[in-house]
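Data file: data11.cif. Format and content: mmCIF, C-alpha atoms.
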```cif
data_run
loop_
_atom_site.label_atom_id
_atom_site.label_comp_id
_atom_site.auth_asym_id
_atom_site.auth_seq_id
_atom_site.Cartn_x
_atom_site.Cartn_y
_atom_site.Cartn_z
CA MET A 7 4.02 -11.78 -30.02
CA SER A 8 3.35 -9.23 -32.72
CA SER A 9 3.72 -5.53 -32.13
CA ASP A 10 0.58 -4.76 -34.15
CA PHE A 11 -1.73 -5.11 -31.18
CA LYS A 12 -2.41 -2.54 -28.59
CA LEU A 13 -4.06 -2.74 -25.20
CA VAL A 14 -6.63 -0.50 -23.58
CA ILE A 15 -5.75 -0.46 -19.90
CA ALA A 16 -8.69 0.11 -17.58
CA THR A 17 -7.86 2.24 -14.55
CA ASP A 18 -9.98 3.10 -11.55
CA HIS A 19 -10.32 6.68 -10.35
CA ASP A 20 -11.41 7.84 -6.92
CA SER A 21 -14.68 9.67 -6.86
CA GLU A 22 -14.55 13.38 -6.19
CA GLU A 23 -18.21 13.66 -5.17
CA PRO A 24 -17.48 14.24 -1.45
CA GLU A 25 -15.31 17.21 -2.35
CA LEU A 26 -18.01 18.52 -4.64
CA GLY A 27 -20.55 18.14 -1.85
CA ASN A 28 -18.35 20.10 0.53
CA THR A 29 -17.97 22.82 -2.03
CA ILE A 30 -21.69 23.14 -2.60
CA GLY A 31 -22.31 23.14 1.15
CA SER A 32 -19.80 25.94 1.66
CA ASN A 33 -21.36 28.04 -1.09
CA ILE A 34 -24.86 27.59 0.36
CA SER A 35 -23.62 28.62 3.78
CA LEU A 36 -22.01 31.70 2.34
CA ASP A 37 -25.17 32.70 0.48
CA GLU A 38 -27.30 32.23 3.58
CA LYS A 39 -24.96 34.38 5.65
CA GLY A 40 -24.92 37.05 2.98
CA LYS A 41 -28.70 37.08 2.81
CA ALA A 42 -28.92 37.34 6.60
CA VAL A 43 -26.61 40.36 6.69
CA HIS A 44 -28.45 41.93 3.76
CA THR A 45 -31.78 41.41 5.58
CA THR A 46 -30.39 42.94 8.77
CA PHE A 47 -29.20 46.09 7.05
CA ASN A 48 -32.45 46.36 5.08
CA GLY A 49 -34.34 46.12 8.34
CA ILE A 50 -32.23 48.91 9.81
CA ARG A 51 -32.83 50.99 6.69
CA ASP A 52 -36.58 50.32 6.74
CA GLN A 53 -36.82 51.58 10.29
CA GLY A 54 -36.17 55.02 8.91
CA ASN A 55 -33.73 55.95 11.67
CA PHE A 56 -30.49 57.04 10.03
CA SER A 57 -29.19 59.15 12.91
CA PRO A 58 -25.39 59.22 13.08
CA LYS A 59 -25.62 58.90 16.82
CA ASN A 60 -27.62 55.66 16.88
CA TYR A 61 -26.73 53.94 13.62
CA VAL A 62 -23.83 53.84 11.25
CA THR A 63 -23.92 55.90 8.08
CA ASN A 64 -24.68 54.47 4.66
CA ALA A 65 -20.98 54.43 3.78
CA GLU A 66 -20.11 52.70 7.02
CA ARG A 67 -22.86 50.17 6.48
CA ARG A 68 -21.56 49.43 2.99
CA ALA A 69 -18.00 49.06 4.27
CA LEU A 70 -19.13 46.83 7.10
CA TYR A 71 -21.19 44.70 4.70
CA ASP A 72 -18.28 44.31 2.28
CA ARG A 73 -15.86 43.52 5.10
CA PHE A 74 -18.26 40.89 6.45
CA LEU A 75 -18.57 39.18 3.08
CA LYS A 76 -14.81 39.22 2.48
CA GLY A 77 -14.26 37.63 5.84
CA ASN A 78 -16.75 34.88 5.07
CA LYS A 79 -15.19 34.30 1.65
CA ALA A 80 -11.81 33.86 3.27
CA THR A 81 -13.28 31.47 5.79
CA ALA A 82 -15.17 29.55 3.13
CA GLY A 83 -12.03 29.44 1.03
CA ASP A 84 -10.27 27.61 3.82
CA ASN A 85 -13.12 25.10 3.84
CA GLY A 86 -13.11 24.49 0.11
CA SER A 87 -15.48 27.09 -1.43
CA VAL A 88 -12.80 28.02 -3.94
CA HIS A 89 -12.34 24.36 -4.77
CA VAL A 90 -12.85 24.94 -8.49
CA ASP A 91 -10.02 27.48 -8.69
CA GLU A 92 -7.76 25.23 -6.68
CA GLU A 93 -8.67 22.28 -8.93
CA GLU A 94 -7.88 24.30 -12.05
CA ARG A 95 -4.52 25.29 -10.62
CA HIS A 96 -3.91 21.65 -9.75
CA GLN A 97 -4.77 20.55 -13.30
CA LEU A 98 -2.46 23.16 -14.78
CA HIS A 99 0.30 22.10 -12.43
CA GLY A 100 -0.41 18.45 -13.25
CA SER A 101 -0.27 19.06 -16.98
CA ALA A 102 3.08 20.74 -16.55
CA LYS A 103 4.35 17.73 -14.62
CA ASN A 104 2.98 15.35 -17.32
CA LYS A 105 5.05 16.88 -20.09
CA PRO A 106 7.73 14.11 -19.85
CA VAL A 107 5.06 11.36 -20.09
CA PRO A 108 4.99 11.19 -23.95
CA LEU A 109 8.78 10.98 -23.92
CA ILE A 110 8.73 8.18 -21.34
CA SER A 111 5.98 6.23 -23.12
CA GLY A 112 7.70 6.65 -26.49
CA THR A 113 11.00 5.48 -25.05
CA ALA A 114 9.31 2.46 -23.47
CA TYR A 115 7.69 1.56 -26.80
CA CYS A 116 10.99 1.85 -28.70
CA ILE A 117 12.89 -0.20 -26.11
CA SER A 118 10.23 -2.93 -26.14
CA SER A 119 10.21 -3.11 -29.93
CA CYS A 120 14.01 -3.24 -30.19
CA SER A 121 14.32 -5.77 -27.38
CA MET A 122 11.75 -8.11 -28.93
CA ILE A 123 13.64 -8.38 -32.22
CA MET A 124 17.01 -8.70 -30.50
CA LEU A 125 15.84 -11.45 -28.12
CA ASN A 126 14.22 -13.45 -30.91
CA LYS A 127 17.42 -13.19 -32.92
CA ILE A 128 19.44 -14.39 -29.91
CA VAL A 129 17.16 -17.39 -29.32
CA LEU A 130 17.04 -18.44 -32.98
CA SER A 131 20.60 -17.65 -34.07
CA SER A 132 22.92 -17.39 -31.08
CA TYR A 133 21.43 -20.46 -29.39
CA ASN A 134 20.84 -22.07 -32.80
CA PHE A 135 17.31 -23.02 -31.80
CA ASN A 136 15.66 -24.69 -34.81
CA ALA A 137 12.07 -24.77 -33.58
CA GLY A 138 10.43 -21.48 -34.48
CA ILE A 139 6.89 -22.83 -34.05
CA SER A 140 7.71 -24.04 -30.54
CA LEU A 141 9.14 -20.64 -29.66
CA MET A 142 5.98 -18.97 -30.97
CA PHE A 143 3.85 -21.37 -28.90
CA TYR A 144 5.79 -20.56 -25.73
CA GLN A 145 5.60 -16.80 -26.29
CA ASN A 146 1.87 -16.88 -27.05
CA LEU A 147 1.24 -19.07 -24.02
CA ILE A 148 2.95 -16.49 -21.80
CA SER A 149 0.94 -13.66 -23.38
CA THR A 150 -2.32 -15.56 -22.88
CA LEU A 151 -1.60 -16.30 -19.22
CA VAL A 152 -0.63 -12.70 -18.49
CA VAL A 153 -3.73 -11.24 -20.18
CA VAL A 154 -6.03 -13.72 -18.39
CA LEU A 155 -4.37 -12.90 -15.06
CA LEU A 156 -4.77 -9.16 -15.65
CA ALA A 157 -8.42 -9.68 -16.62
CA LEU A 158 -9.09 -11.67 -13.44
CA CYS A 159 -7.49 -8.90 -11.39
CA GLY A 160 -9.68 -6.33 -13.12
CA ARG A 161 -6.78 -4.44 -14.67
CA VAL A 162 -7.93 -4.96 -18.26
CA SER A 163 -11.30 -5.50 -19.91
CA VAL A 164 -11.87 -8.40 -22.31
CA GLU A 165 -14.89 -9.62 -24.21
CA LYS A 166 -16.35 -13.00 -23.32
CA LEU A 167 -15.53 -15.53 -26.00
CA ASN A 168 -18.28 -17.38 -27.85
CA TRP A 169 -18.29 -19.83 -30.76
CA ARG A 170 -19.66 -17.28 -33.20
CA LEU A 171 -16.80 -14.88 -32.45
CA VAL A 172 -14.26 -17.70 -32.70
CA ARG A 173 -15.60 -18.77 -36.10
CA VAL A 174 -15.45 -15.22 -37.42
CA TRP A 175 -11.92 -14.73 -36.08
CA LEU A 176 -10.41 -18.02 -37.30
CA PRO A 177 -9.30 -16.72 -40.75
CA VAL A 178 -7.51 -13.82 -39.08
CA ASN A 179 -5.89 -16.15 -36.57
CA VAL A 180 -4.59 -18.56 -39.21
CA ILE A 181 -2.88 -15.68 -41.03
CA PHE A 182 -1.59 -14.39 -37.68
CA ILE A 183 0.08 -17.72 -36.91
CA ALA A 184 1.64 -17.96 -40.37
CA MET A 185 2.86 -14.38 -40.05
CA LEU A 186 4.61 -15.08 -36.74
CA VAL A 187 6.18 -18.34 -37.92
CA SER A 188 7.50 -16.83 -41.17
CA GLY A 189 8.88 -13.89 -39.19
CA MET A 190 10.69 -16.27 -36.85
CA TYR A 191 12.40 -18.17 -39.66
CA SER A 192 13.32 -15.08 -41.67
CA LEU A 193 14.98 -13.60 -38.58
CA LYS A 194 16.96 -16.81 -38.12
CA TYR A 195 18.60 -16.60 -41.55
CA ILE A 196 18.78 -12.83 -42.23
CA ASN A 197 20.49 -10.08 -40.25
CA ILE A 198 18.25 -7.64 -38.40
CA ALA A 199 19.12 -4.64 -40.58
CA MET A 200 17.99 -6.38 -43.78
CA VAL A 201 14.85 -7.74 -42.10
CA THR A 202 14.00 -4.18 -41.13
CA ILE A 203 14.51 -2.91 -44.69
CA LEU A 204 12.63 -5.76 -46.33
CA LYS A 205 9.66 -5.18 -44.01
CA ASN A 206 9.06 -1.96 -45.97
CA VAL A 207 7.69 -4.17 -48.75
CA THR A 208 4.71 -4.84 -46.46
CA ASN A 209 3.63 -1.21 -46.87
CA ILE A 210 3.60 -1.58 -50.64
CA ILE A 211 1.53 -4.77 -50.60
CA THR A 212 -0.89 -3.22 -48.11
CA ALA A 213 -1.33 -0.10 -50.25
CA VAL A 214 -2.05 -2.20 -53.35
CA GLY A 215 -4.51 -4.33 -51.38
CA GLU A 216 -6.32 -1.25 -50.06
CA LEU A 217 -6.58 0.09 -53.60
CA TYR A 218 -8.25 -3.04 -55.00
CA LEU A 219 -10.26 -4.12 -51.95
CA PHE A 220 -11.33 -0.83 -50.40
CA ARG A 221 -10.77 1.60 -53.29
CA LYS A 222 -8.47 3.64 -51.10
CA ARG A 223 -6.11 5.73 -53.23
CA GLN A 224 -2.73 6.99 -52.11
CA SER A 225 -1.09 10.29 -52.96
CA SER A 226 1.77 10.60 -55.43
CA LYS A 227 4.15 11.20 -52.51
CA VAL A 228 3.23 7.84 -50.99
CA TRP A 229 3.78 5.98 -54.28
CA THR A 230 7.11 7.75 -54.71
CA ALA A 231 8.17 6.68 -51.21
CA MET A 232 7.14 3.10 -51.94
CA PHE A 233 9.14 3.12 -55.18
CA VAL A 234 12.18 4.21 -53.15
CA MET A 235 11.45 1.31 -50.77
CA ILE A 236 11.56 -1.17 -53.65
CA ILE A 237 14.90 0.20 -54.85
CA SER A 238 16.37 0.00 -51.32
CA ALA A 239 15.13 -3.59 -50.81
CA VAL A 240 16.53 -4.79 -54.15
CA SER A 241 19.86 -2.99 -53.72
CA GLY A 242 20.12 -4.25 -50.14
CA GLY A 243 19.61 -7.85 -51.24
CA ILE A 244 22.14 -7.56 -54.05
CA THR A 245 24.82 -6.08 -51.78
CA ASP A 246 24.07 -8.31 -48.77
CA LEU A 247 27.28 -10.22 -47.98
CA SER A 248 25.36 -12.71 -45.82
CA PHE A 249 22.63 -13.27 -48.41
CA ASP A 250 20.53 -16.37 -47.75
CA ALA A 251 17.88 -17.34 -50.30
CA VAL A 252 15.88 -19.33 -47.75
CA GLY A 253 15.80 -16.39 -45.35
CA TYR A 254 14.75 -13.96 -48.08
CA ALA A 255 11.98 -16.32 -49.17
CA TRP A 256 10.69 -16.48 -45.60
CA GLN A 257 10.81 -12.68 -45.32
CA ILE A 258 8.94 -12.09 -48.58
CA MET A 259 6.32 -14.57 -47.37
CA ASN A 260 6.18 -12.68 -44.06
CA CYS A 261 5.56 -9.38 -45.88
CA VAL A 262 2.67 -10.90 -47.84
CA LEU A 263 1.18 -12.46 -44.71
CA THR A 264 1.56 -9.28 -42.64
CA ALA A 265 -0.21 -7.23 -45.30
CA SER A 266 -2.87 -9.95 -45.61
CA TYR A 267 -3.39 -9.92 -41.86
CA SER A 268 -3.89 -6.15 -41.84
CA LEU A 269 -6.36 -6.26 -44.75
CA THR A 270 -8.25 -9.30 -43.41
CA LEU A 271 -8.50 -7.79 -39.95
CA ARG A 272 -10.13 -4.72 -41.43
CA TRP A 273 -12.45 -6.90 -43.47
CA VAL A 274 -13.78 -9.04 -40.57
CA MET A 275 -13.71 -6.42 -37.82
CA ASP A 276 -17.31 -5.28 -38.29
CA GLU A 277 -18.56 -8.87 -38.28
CA ALA A 278 -16.49 -9.67 -35.20
CA LYS A 279 -18.00 -6.72 -33.33
CA LYS A 280 -21.48 -8.01 -34.12
CA SER A 281 -20.53 -11.32 -32.48
CA THR A 282 -19.87 -9.73 -29.08
CA LYS A 283 -22.42 -8.82 -26.44
CA SER A 284 -21.13 -5.25 -26.13
CA GLY A 285 -21.02 -4.68 -29.88
CA SER A 286 -17.32 -3.77 -29.75
CA LEU A 287 -13.96 -5.51 -29.66
CA ASN A 288 -11.08 -3.78 -27.92
CA GLU A 289 -7.39 -4.41 -28.46
CA VAL A 290 -7.04 -6.55 -25.33
CA SER A 291 -9.68 -8.92 -26.62
CA MET A 292 -7.93 -9.14 -29.99
CA VAL A 293 -4.63 -9.97 -28.29
CA LEU A 294 -6.30 -12.67 -26.21
CA LEU A 295 -8.13 -14.08 -29.23
CA ASN A 296 -5.01 -14.28 -31.39
CA ASN A 297 -2.78 -15.80 -28.72
CA LEU A 298 -5.33 -18.18 -27.22
CA LEU A 299 -6.59 -19.52 -30.55
CA SER A 300 -3.04 -19.94 -31.83
CA LEU A 301 -2.13 -22.47 -29.13
CA PRO A 302 -4.00 -25.53 -30.48
CA PHE A 303 -2.83 -24.76 -34.03
CA ALA A 304 0.76 -24.45 -32.81
CA ILE A 305 0.58 -27.79 -30.99
CA ILE A 306 -0.65 -29.50 -34.16
CA MET A 307 2.11 -27.92 -36.28
CA ILE A 308 4.77 -28.84 -33.71
CA PHE A 309 3.91 -32.53 -34.17
CA ILE A 310 3.45 -32.28 -37.96
CA PHE A 311 6.86 -30.66 -38.51
CA GLY A 312 8.61 -32.90 -35.98
CA GLU A 313 9.64 -30.10 -33.61
CA TRP A 314 8.49 -32.03 -30.56
CA ASP A 315 11.21 -34.63 -30.94
CA TYR A 316 13.78 -31.89 -31.56
CA VAL A 317 12.76 -29.86 -28.48
CA ILE A 318 12.93 -32.92 -26.22
CA HIS A 319 16.43 -33.89 -27.28
CA ALA A 320 17.98 -30.45 -27.93
CA ASP A 321 20.79 -29.57 -25.53
CA VAL A 322 19.90 -25.88 -25.62
CA VAL A 323 16.62 -26.41 -23.75
CA LYS A 324 18.63 -27.60 -20.75
CA LEU A 325 20.24 -24.17 -20.37
CA PRO A 326 18.54 -21.85 -17.81
CA ALA A 327 19.81 -18.82 -19.76
CA PHE A 328 17.92 -20.00 -22.85
CA TRP A 329 14.64 -20.20 -20.95
CA ALA A 330 15.29 -16.80 -19.39
CA VAL A 331 15.75 -15.21 -22.82
CA ALA A 332 12.76 -17.05 -24.31
CA THR A 333 10.53 -16.03 -21.38
CA ALA A 334 11.73 -12.43 -21.61
CA SER A 335 10.91 -12.37 -25.32
CA GLY A 336 7.35 -13.50 -24.56
CA LEU A 337 6.86 -10.88 -21.87
CA ILE A 338 8.36 -8.11 -23.99
CA GLY A 339 6.21 -9.17 -26.92
CA LEU A 340 3.16 -8.50 -24.77
CA SER A 341 4.66 -5.30 -23.37
CA ILE A 342 4.81 -3.92 -26.91
CA SER A 343 1.01 -3.98 -26.89
CA PHE A 344 0.87 -2.05 -23.63
CA THR A 345 3.58 0.51 -24.45
CA SER A 346 2.33 1.15 -27.97
CA MET A 347 -1.18 1.92 -26.72
CA TRP A 348 0.23 4.02 -23.87
CA PHE A 349 2.33 5.99 -26.34
CA LEU A 350 -0.59 6.40 -28.73
CA HIS A 351 -2.75 7.75 -25.90
CA GLN A 352 -0.08 10.29 -24.94
CA THR A 353 0.59 11.56 -28.45
CA SER A 354 -0.94 11.71 -31.92
CA PRO A 355 -1.14 8.94 -34.56
CA THR A 356 1.17 11.04 -36.72
CA THR A 357 3.89 11.11 -34.08
CA TYR A 358 3.34 7.42 -33.36
CA SER A 359 3.83 6.53 -37.03
CA LEU A 360 6.94 8.68 -37.39
CA VAL A 361 8.54 7.27 -34.22
CA GLY A 362 7.82 3.76 -35.50
CA SER A 363 9.76 4.54 -38.68
CA LEU A 364 12.62 6.22 -36.82
CA ASN A 365 12.78 3.25 -34.44
CA LYS A 366 14.13 1.12 -37.29
CA ILE A 367 17.41 3.05 -37.17
CA PRO A 368 18.57 1.96 -33.67
CA ILE A 369 17.26 -1.57 -34.31
CA SER A 370 19.38 -1.87 -37.46
CA ILE A 371 22.47 -0.38 -35.84
CA ALA A 372 22.13 -2.60 -32.75
CA GLY A 373 21.67 -5.69 -34.91
CA ILE A 374 24.80 -4.93 -36.93
CA ILE A 375 26.94 -4.29 -33.85
CA VAL A 376 25.70 -7.06 -31.54
CA PHE A 377 25.78 -9.87 -34.12
CA ASN A 378 28.92 -8.71 -35.97
CA VAL A 379 27.18 -8.57 -39.35
CA PRO A 380 29.66 -8.36 -42.25
CA LEU A 381 28.98 -5.19 -44.23
CA SER A 382 30.24 -3.66 -47.43
CA ILE A 383 30.05 0.06 -48.11
CA SER A 384 27.40 -0.49 -50.77
CA ASN A 385 25.29 -2.63 -48.44
CA LEU A 386 25.58 -0.04 -45.68
CA PHE A 387 24.34 2.67 -48.03
CA SER A 388 21.49 0.41 -49.12
CA ILE A 389 20.43 -0.03 -45.50
CA LEU A 390 20.62 3.71 -44.84
CA PHE A 391 18.69 4.32 -48.06
CA GLY A 392 16.00 1.89 -46.91
CA LEU A 393 15.72 3.59 -43.51
CA PHE A 394 15.35 6.93 -45.27
CA ALA A 395 12.64 5.42 -47.47
CA GLY A 396 10.71 4.31 -44.38
CA ILE A 397 10.83 7.81 -42.92
CA LEU A 398 9.85 9.29 -46.29
CA PHE A 399 6.87 6.94 -46.43
CA ALA A 400 5.72 7.95 -42.93
CA ARG A 401 6.00 11.63 -43.83
CA ALA A 402 4.10 11.10 -47.06
CA LYS A 403 1.26 9.34 -45.23
CA MET A 404 1.03 12.28 -42.83
CA SER A 405 0.65 14.87 -45.57
#
```

As structure tokens, please, write out the structure in this file.
Amino acid sequence: MSSDFKLVIATDHDSEEPELGNTIGSNISLDEKGKAVHTTFNGIRDQGNFSPKNYVTNAERRALYDRFLKGNKATAGDNGSVHVDEEERHQLHGSAKNKPVPLISGTAYCISSCSMIMLNKIVLSSYNFNAGISLMFYQNLISTLVVVLLALCGRVSVEKLNWRLVRVWLPVNVIFIAMLVSGMYSLKYINIAMVTILKNVTNIITAVGELYLFRKRQSSKVWTAMFVMIISAVSGGITDLSFDAVGYAWQIMNCVLTASYSLTLRWVMDEAKKSTKSGSLNEVSMVLLNNLLSLPFAIIMIFIFGEWDYVIHADVVKLPAFWAVATASGLIGLSISFTSMWFLHQTSPTTYSLVGSLNKIPISIAGIIVFNVPLSISNLFSILFGLFAGILFARAKMS
């Protein structure tokens, strides 16, 4: 499951109309009482009898009138007439309590992203599972079932699929499948730190594609950052003690496909929206489309590349721990969509982009430590240089 997709979670809120009705009722009651008192005192005044013996003085009348209104305000306040002030205080108090929410959502997004890469690496390398397409099929199947279940429960909103939408989306889906498969195989042969650094090349390809396809020009800072990315990727490959040509070929292919997916998605998005009844296509629908449409393609490729025979006879598929890790990777892959959208809703796109770049640092460190990656000093500096280049790129895009 790719981390490029985000979900819009639909939540239900209780109606506050009864409270509003009570508030309006209290205010009307207060006004009526005030008018009644005002009419009473006007009647007394109109009688023309202002004798101190029979009636209170003007000052006393004013004091009595004010005291009466204050008493009614206090009573109405108990019944909800000051509901607006109380609601404002509640909102202020709520916003103070919600301050940790961006931190929690950002942490959840980072943990999901790190866990996804680590679990895929464990399945493909530690368990020596040589069926990347089958793993992709299993993960996408889990994501599809979860999204469908959430849609049936009314927790998320998805567009109804139709043949016109499917036809429009097929080119995007084909690239999506190739992107996932190439990512699987590159992760099998290359250590996580180098995969993270080489993924920076995707930004360069995307920027060039935007320039030629959409005439979108980048600033000099962005091109400088991308030049630094190229240097870090080349130096990292040269100094990589566990260099694997097959793995690097898969990763370069993955960078091209990832950039192509991003550019193609932007190209067909308007047409895809026209193919829906609502005239829009939210992130949940895109996740469902990509995962659901990938299943028949994955089944065909599993038979073409002979993975079916391997999966049936592989000893690793008999291990419960293997299935636990594979299932967890599918669930976490989908959780990236939820947590990324949650984090984006709680913060700004600028912060989201910067955190995504900074998130590469713990991923690289964890990959080196957990999988005992052999490192030279020069390779370590190349990795650090590449991480710095990613942060520099994010900062340049913000400016």

Open item on the list: At a cut-off of 12 Å, using all atoms listed in the file, what residues contact Asn297 in chain A? Leave out same-chain residues fewer than 4 positions from it and give the result as a VMD selection string.
Closed with: chain A and resid 7 to 8 11 142 to 154 175 to 176 178 to 180 182 to 183 186 290 to 293 301 to 304 336 339 to 340

Task: Between CA of Leu109 in chain A and CA of Ile367 in chain A, distance in Å (one decimal) - done: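 Spanning CA of Leu109 in chain A to CA of Ile367 in chain A is a straight-line distance of 17.7 Å.
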
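The spacing separating CA of Ser363 in chain A from CA of Leu393 in chain A amounts to 7.7 Å.
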
Task: Tyr195 in chain A environment, 9 Å, all atoms listed in the file, sequence neighbours closer than 4 positions dropped, as an NGL selection string - done: :A and (130-131 or 191 or 248-254 or 256)

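For the pair CA of Leu294 in chain A and CA of Ser119 in chain A, the separation is 19.4 Å.
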
Task: Chain and number of each residue from the PyMOL selection byres ((chain A and resi 201) around 10), as a list of chain:residue names - done: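 For this structure, the PyMOL selection byres ((chain A and resi 201) around 10) captures A:Ile123, A:Gly189, A:Ser192, A:Leu193, A:Tyr195, A:Ile196, A:Asn197, A:Ile198, A:Ala199, A:Met200, A:Thr202, A:Ile203, A:Leu204, A:Lys205, A:Asn206, A:Ala239, A:Gly253, A:Tyr254, A:Gln257, A:Ile258, A:Ser370.
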
Task: Long-range neighbours of Ala231 in chain A as a count of residues only, 6 Å cut-off, all atoms listed in the file, 5 positions minimum in chain - done: 3

Task: Result set of the PyMOL selection byres ((chain A and resi 232) around 12) on the coordinates above, as an MDAnalysis selection string - done: chainID A and resid 203:214 224:231 233:239 392 394:403

Write the residues of the selection above to a file with C-alpha atoms, as a tab-separated table (two decimals), keeping the file's coordinate frame.
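Contents of selection16.tsv, freshly written:
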```
chain	number	residue	atom	x	y	z
A	203	ILE	CA	14.51	-2.91	-44.69
A	204	LEU	CA	12.63	-5.76	-46.33
A	205	LYS	CA	9.66	-5.18	-44.01
A	206	ASN	CA	9.06	-1.96	-45.97
A	207	VAL	CA	7.69	-4.17	-48.75
A	208	THR	CA	4.71	-4.84	-46.46
A	209	ASN	CA	3.63	-1.21	-46.87
A	210	ILE	CA	3.60	-1.58	-50.64
A	211	ILE	CA	1.53	-4.77	-50.60
A	212	THR	CA	-0.89	-3.22	-48.11
A	213	ALA	CA	-1.33	-0.10	-50.25
A	214	VAL	CA	-2.05	-2.20	-53.35
A	224	GLN	CA	-2.73	6.99	-52.11
A	225	SER	CA	-1.09	10.29	-52.96
A	226	SER	CA	1.77	10.60	-55.43
A	227	LYS	CA	4.15	11.20	-52.51
A	228	VAL	CA	3.23	7.84	-50.99
A	229	TRP	CA	3.78	5.98	-54.28
A	230	THR	CA	7.11	7.75	-54.71
A	231	ALA	CA	8.17	6.68	-51.21
A	233	PHE	CA	9.14	3.12	-55.18
A	234	VAL	CA	12.18	4.21	-53.15
A	235	MET	CA	11.45	1.31	-50.77
A	236	ILE	CA	11.56	-1.17	-53.65
A	237	ILE	CA	14.90	0.20	-54.85
A	238	SER	CA	16.37	0.00	-51.32
A	239	ALA	CA	15.13	-3.59	-50.81
A	392	GLY	CA	16.00	1.89	-46.91
A	394	PHE	CA	15.35	6.93	-45.27
A	395	ALA	CA	12.64	5.42	-47.47
A	396	GLY	CA	10.71	4.31	-44.38
A	397	ILE	CA	10.83	7.81	-42.92
A	398	LEU	CA	9.85	9.29	-46.29
A	399	PHE	CA	6.87	6.94	-46.43
A	400	ALA	CA	5.72	7.95	-42.93
A	401	ARG	CA	6.00	11.63	-43.83
A	402	ALA	CA	4.10	11.10	-47.06
A	403	LYS	CA	1.26	9.34	-45.23
```

Task: Protein, DNA and RNA residues within 8 Å of (-0.8, -13.2, -42.4), only C-alpha atoms, as a VMD selection string - done: chain A and resid 178 180 to 185 260 262 to 268

How about saving the chosen residues, C-alpha atoms kept, as a PDB file, in the coordinates of the input?
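Result saved to again_23.pdb:
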```pdb
ATOM      1  CA  VAL A 178      -7.510 -13.820 -39.080  1.00  0.00           C
ATOM      2  CA  VAL A 180      -4.590 -18.560 -39.210  1.00  0.00           C
ATOM      3  CA  ILE A 181      -2.880 -15.680 -41.030  1.00  0.00           C
ATOM      4  CA  PHE A 182      -1.590 -14.390 -37.680  1.00  0.00           C
ATOM      5  CA  ILE A 183       0.080 -17.720 -36.910  1.00  0.00           C
ATOM      6  CA  ALA A 184       1.640 -17.960 -40.370  1.00  0.00           C
ATOM      7  CA  MET A 185       2.860 -14.380 -40.050  1.00  0.00           C
ATOM      8  CA  ASN A 260       6.180 -12.680 -44.060  1.00  0.00           C
ATOM      9  CA  VAL A 262       2.670 -10.900 -47.840  1.00  0.00           C
ATOM     10  CA  LEU A 263       1.180 -12.460 -44.710  1.00  0.00           C
ATOM     11  CA  THR A 264       1.560  -9.280 -42.640  1.00  0.00           C
ATOM     12  CA  ALA A 265      -0.210  -7.230 -45.300  1.00  0.00           C
ATOM     13  CA  SER A 266      -2.870  -9.950 -45.610  1.00  0.00           C
ATOM     14  CA  TYR A 267      -3.390  -9.920 -41.860  1.00  0.00           C
ATOM     15  CA  SER A 268      -3.890  -6.150 -41.840  1.00  0.00           C
TER      16      SER A 268
END
```

Check what the PyMOL selection byres ((chain A and resi 332) around 8) selects in the file above and give those residues as an mmCIF file with C-alpha atoms, in the frame of the given file.
```
data_model
loop_
_atom_site.group_PDB
_atom_site.id
_atom_site.type_symbol
_atom_site.label_atom_id
_atom_site.label_comp_id
_atom_site.auth_asym_id
_atom_site.auth_seq_id
_atom_site.Cartn_x
_atom_site.Cartn_y
_atom_site.Cartn_z
ATOM 1 C CA LEU A 125 15.840 -11.450 -28.120
ATOM 2 C CA ASN A 126 14.220 -13.450 -30.910
ATOM 3 C CA VAL A 129 17.160 -17.390 -29.320
ATOM 4 C CA LEU A 141 9.140 -20.640 -29.660
ATOM 5 C CA TYR A 144 5.790 -20.560 -25.730
ATOM 6 C CA GLN A 145 5.600 -16.800 -26.290
ATOM 7 C CA PHE A 328 17.920 -20.000 -22.850
ATOM 8 C CA TRP A 329 14.640 -20.200 -20.950
ATOM 9 C CA ALA A 330 15.290 -16.800 -19.390
ATOM 10 C CA VAL A 331 15.750 -15.210 -22.820
ATOM 11 C CA THR A 333 10.530 -16.030 -21.380
ATOM 12 C CA ALA A 334 11.730 -12.430 -21.610
ATOM 13 C CA SER A 335 10.910 -12.370 -25.320
ATOM 14 C CA GLY A 336 7.350 -13.500 -24.560
#
```

Open item on the list: I'd like the neighbourhood of Glu277 in chain A as a list in words, where a residue qualifies if any of its atoms comes within 12 Å (using all atoms listed in the file), though same-chain residues fewer than 4 positions away should be ignored.
Closed with: Arg170, Leu171, Val172, Arg173, Val174, Trp175, Thr270, Leu271, Arg272, Trp273, Ser281, Thr282, Gly285, Ser286 and Leu287 of chain A

Task: Proximity to Leu299 in chain A - best of A:Ile374, A:Leu167, A:Leu217, A:Leu155, all atoms listed in the file - done: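 Result for the nearest residue to Leu299 in chain A: A:Leu167.
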
Each side padded by 3 Å, which centre and which edge lengths in Å (one decimal) define the axis-aligned box around the listed atoms of range 223-242 of chain A? Give them as AutoDock Vina command-line options.
```
--center_x 7.0 --center_y 3.2 --center_z -52.8 --size_x 32.2 --size_y 22.0 --size_z 11.3
```

TODO: Identify which of the residues A:Ser188, A:Ser384, A:Ser343, A:Ser118 lies closest to Ile139 in chain A, counting all atoms listed in the file when measuring atom-to-atom distances.
DONE: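 Of A:Ser188, A:Ser384, A:Ser343, A:Ser118, the one nearest Ile139 in chain A, counting all atoms listed in the file, is A:Ser188.
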
Open item on the list: What's around range 310-327 of chain A at 8 Å? Count all atoms listed in the file, leave out sequence neighbours fewer than 4 positions away in its own chain, and write the answer as a list in words.
Closed with: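 Residues near the query, excluding close chain neighbours: Tyr133, Phe135, Ala137, Ile139, Ser140, Ile306 and Val331 of chain A.
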